[in-house]
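Participant: Quick one: the structure is below, questions incoming.
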Amino acid sequence: MGFSENTTGLVLAMVSSLFIGTSFILKKKGLKRAAAAGTRAGVGGYTYLLEPLWWAGMITMIVGEVSNFVAYIYAPAVLVTPLGALSIIISAVLAHCMLRERLQRLGVVGCILCIVGSLVIVIHAPQEHMPTSVQEIWILAIQPAFVIYVAATISIVAALMFHYEPRYGQTNMLIYLGICSLMGALTVVSIKAIGIAIKLTLEGISQIAFPQTWFFLAAAVICIITQLNYLNRALDTFNAAIVSPIYYVMFTTLTIIASAIMFKDWAGQDASSIVSEICGFITVLSGTILLHLTREQEPANPPGNISWYDGEDIKVMEDGHYIMLNDSNYFR
């Protein structure tokens, strides 16, 4: 007897968490190697694109995301989403073993609180109505409430990218992760539409001719590219053991909110479910605060500094200016 659809989705979700958790570490190691050979991604460099280890992490993440995407087709979100917490544990353990990024005891407690809180939110999240066509999803996407949400999301992302990121991006990880998570919520909505289109097409009801299918595909591509760019900057700048859980918490929370607004799943919820969700948010907030308070600051590399020895003096290019140092001044 074959596996049920829920079992298949559950297995795919667990495999997804394994690959995604591992991808954080592989990409982080690749970013570190690239930073040693050129400009860091955290200050706008792209030398990591030449680093094989970074690409290994990218491929691993893609496999994980594809598995997660397929899991949502076979199983409901209430079964798939909570398993994303496994990627936090995996990345934290691998970061400790491979990157020597120490997670303090309170940080471990923070991780546990984040996981528990996220699980509570997802478990008590309302059941959503599954659309039966891309056209039905489009009707949901152009409803006023969701249009306002998308406009607000794009405005916040623009403000983070063009105003706050140049000023605070190197000191506050919430800038990078905020962009990733906000765009990620829109990615999930677009990917869900594409998944429904693929499933219906494979069942003989083609959705390829509908322009909405291609619109959702274009939106997903734009959102994914933006996510990856700023996730790379977050991983290059901050501790991977801290980036992973905070990204998971923010992404999960915003995804639930976006789905609830678009699919109107909040209607009809009882008081106990609402209270449970509020408690889950408080638990997540507590865990996030603990993670911030206990995270280890990585040594900062001065942006844009390059030094070399020309046989007489050591020269340093700092922020576009050349500084010449003799041996006694440079080596202290």
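So you can find residues: chains in the structure tokens are A, B, ... in the order shown, residues in each start at 1, and ligands are numbered from 1 in order.
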May I have all residues of segment 13-167 of chain A that DSSP, computed from the backbone, assigns to alpha helix (DSSP H), given as number ranges by chain?
Facilitator: A: 13-37, 52-74, 77-80, 85-94, 105-123, 134-141, 144-159, 165-167
Participant: Give me the residues near segment 183-191 of chain A as an MDAnalysis selection string, where near means some atom within 9 Å (using only C-alpha atoms) and where sequence neighbours in that chain fewer than 5 positions away do not count.
Facilitator: chainID A and resid 69 150 153:154 157 178 196 215:224 226:227 251:259 262
Participant: Set the distance at 10 Å and use only C-alpha atoms: which residues neighbour Gly195 of chain A once local chain neighbours fewer than 5 positions away are removed? I'd like the list as a PDB file with all heavy atoms, in the first residue's frame.
Facilitator:
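Below you can see part_15.pdb, which holds the result:
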ATOM      1  N   PHE A  69       7.918  23.206  -1.563  1.00  0.00           N
ATOM      2  CA  PHE A  69       6.874  23.589  -2.511  1.00  0.00           C
ATOM      3  C   PHE A  69       5.968  22.400  -2.836  1.00  0.00           C
ATOM      4  O   PHE A  69       4.735  22.502  -2.791  1.00  0.00           O
ATOM      5  CB  PHE A  69       7.528  24.131  -3.786  1.00  0.00           C
ATOM      6  CG  PHE A  69       6.590  24.261  -4.955  1.00  0.00           C
ATOM      7  CD1 PHE A  69       5.591  25.203  -4.943  1.00  0.00           C
ATOM      8  CD2 PHE A  69       6.732  23.443  -6.059  1.00  0.00           C
ATOM      9  CE1 PHE A  69       4.724  25.329  -6.024  1.00  0.00           C
ATOM     10  CE2 PHE A  69       5.881  23.553  -7.138  1.00  0.00           C
ATOM     11  CZ  PHE A  69       4.867  24.500  -7.126  1.00  0.00           C
ATOM     12  N   VAL A  70       6.569  21.261  -3.117  1.00  0.00           N
ATOM     13  CA  VAL A  70       5.785  20.064  -3.436  1.00  0.00           C
ATOM     14  C   VAL A  70       5.019  19.581  -2.211  1.00  0.00           C
ATOM     15  O   VAL A  70       3.895  19.085  -2.320  1.00  0.00           O
ATOM     16  CB  VAL A  70       6.697  18.953  -3.991  1.00  0.00           C
ATOM     17  CG1 VAL A  70       5.891  17.689  -4.292  1.00  0.00           C
ATOM     18  CG2 VAL A  70       7.420  19.426  -5.249  1.00  0.00           C
ATOM     19  N   TYR A  72       3.582  21.311   0.038  1.00  0.00           N
ATOM     20  CA  TYR A  72       2.349  22.087   0.189  1.00  0.00           C
ATOM     21  C   TYR A  72       1.262  21.612  -0.773  1.00  0.00           C
ATOM     22  O   TYR A  72       0.076  21.853  -0.531  1.00  0.00           O
ATOM     23  CB  TYR A  72       2.619  23.572  -0.025  1.00  0.00           C
ATOM     24  CG  TYR A  72       3.121  24.278   1.207  1.00  0.00           C
ATOM     25  CD1 TYR A  72       4.459  24.630   1.335  1.00  0.00           C
ATOM     26  CD2 TYR A  72       2.264  24.578   2.256  1.00  0.00           C
ATOM     27  CE1 TYR A  72       4.926  25.270   2.472  1.00  0.00           C
ATOM     28  CE2 TYR A  72       2.717  25.225   3.393  1.00  0.00           C
ATOM     29  CZ  TYR A  72       4.058  25.568   3.491  1.00  0.00           C
ATOM     30  OH  TYR A  72       4.506  26.191   4.620  1.00  0.00           O
ATOM     31  N   ILE A  73       1.651  20.979  -1.852  1.00  0.00           N
ATOM     32  CA  ILE A  73       0.665  20.443  -2.793  1.00  0.00           C
ATOM     33  C   ILE A  73       0.000  19.203  -2.220  1.00  0.00           C
ATOM     34  O   ILE A  73      -1.200  18.987  -2.381  1.00  0.00           O
ATOM     35  CB  ILE A  73       1.335  20.124  -4.150  1.00  0.00           C
ATOM     36  CG1 ILE A  73       1.864  21.414  -4.792  1.00  0.00           C
ATOM     37  CG2 ILE A  73       0.353  19.430  -5.089  1.00  0.00           C
ATOM     38  CD1 ILE A  73       2.587  21.189  -6.095  1.00  0.00           C
ATOM     39  N   VAL A 134      -6.499  29.160 -11.060  1.00  0.00           N
ATOM     40  CA  VAL A 134      -5.693  30.368 -10.961  1.00  0.00           C
ATOM     41  C   VAL A 134      -6.573  31.606 -11.017  1.00  0.00           C
ATOM     42  O   VAL A 134      -6.284  32.621 -10.353  1.00  0.00           O
ATOM     43  CB  VAL A 134      -4.641  30.400 -12.092  1.00  0.00           C
ATOM     44  CG1 VAL A 134      -3.892  31.716 -12.092  1.00  0.00           C
ATOM     45  CG2 VAL A 134      -3.662  29.252 -11.940  1.00  0.00           C
ATOM     46  N   VAL A 189       2.615  33.210  -1.508  1.00  0.00           N
ATOM     47  CA  VAL A 189       1.332  33.385  -2.187  1.00  0.00           C
ATOM     48  C   VAL A 189       1.468  33.091  -3.679  1.00  0.00           C
ATOM     49  O   VAL A 189       0.632  32.397  -4.274  1.00  0.00           O
ATOM     50  CB  VAL A 189       0.801  34.818  -1.959  1.00  0.00           C
ATOM     51  CG1 VAL A 189      -0.443  35.063  -2.801  1.00  0.00           C
ATOM     52  CG2 VAL A 189       0.489  35.037  -0.492  1.00  0.00           C
ATOM     53  N   SER A 190       2.539  33.614  -4.286  1.00  0.00           N
ATOM     54  CA  SER A 190       2.753  33.387  -5.718  1.00  0.00           C
ATOM     55  C   SER A 190       3.056  31.932  -6.016  1.00  0.00           C
ATOM     56  O   SER A 190       2.533  31.355  -6.983  1.00  0.00           O
ATOM     57  CB  SER A 190       3.906  34.281  -6.212  1.00  0.00           C
ATOM     58  OG  SER A 190       3.629  35.644  -5.977  1.00  0.00           O
ATOM     59  N   LEU A 200      -3.325  21.384 -11.364  1.00  0.00           N
ATOM     60  CA  LEU A 200      -4.505  21.316 -12.230  1.00  0.00           C
ATOM     61  C   LEU A 200      -4.131  20.936 -13.652  1.00  0.00           C
ATOM     62  O   LEU A 200      -4.846  20.168 -14.315  1.00  0.00           O
ATOM     63  CB  LEU A 200      -5.233  22.661 -12.213  1.00  0.00           C
ATOM     64  CG  LEU A 200      -5.931  23.046 -10.906  1.00  0.00           C
ATOM     65  CD1 LEU A 200      -6.465  24.467 -10.983  1.00  0.00           C
ATOM     66  CD2 LEU A 200      -7.058  22.064 -10.586  1.00  0.00           C
ATOM     67  N   THR A 201      -2.983  21.476 -14.122  1.00  0.00           N
ATOM     68  CA  THR A 201      -2.536  21.147 -15.475  1.00  0.00           C
ATOM     69  C   THR A 201      -2.208  19.669 -15.598  1.00  0.00           C
ATOM     70  O   THR A 201      -2.562  19.017 -16.598  1.00  0.00           O
ATOM     71  CB  THR A 201      -1.302  21.989 -15.849  1.00  0.00           C
ATOM     72  OG1 THR A 201      -1.636  23.384 -15.774  1.00  0.00           O
ATOM     73  CG2 THR A 201      -0.821  21.665 -17.255  1.00  0.00           C
ATOM     74  N   THR A 213      -1.399  33.083 -14.499  1.00  0.00           N
ATOM     75  CA  THR A 213      -0.361  32.100 -14.171  1.00  0.00           C
ATOM     76  C   THR A 213       1.022  32.700 -14.363  1.00  0.00           C
ATOM     77  O   THR A 213       1.906  32.563 -13.510  1.00  0.00           O
ATOM     78  CB  THR A 213      -0.508  30.841 -15.041  1.00  0.00           C
ATOM     79  OG1 THR A 213      -1.804  30.270 -14.830  1.00  0.00           O
ATOM     80  CG2 THR A 213       0.558  29.816 -14.695  1.00  0.00           C
TER      81      THR A 213
END
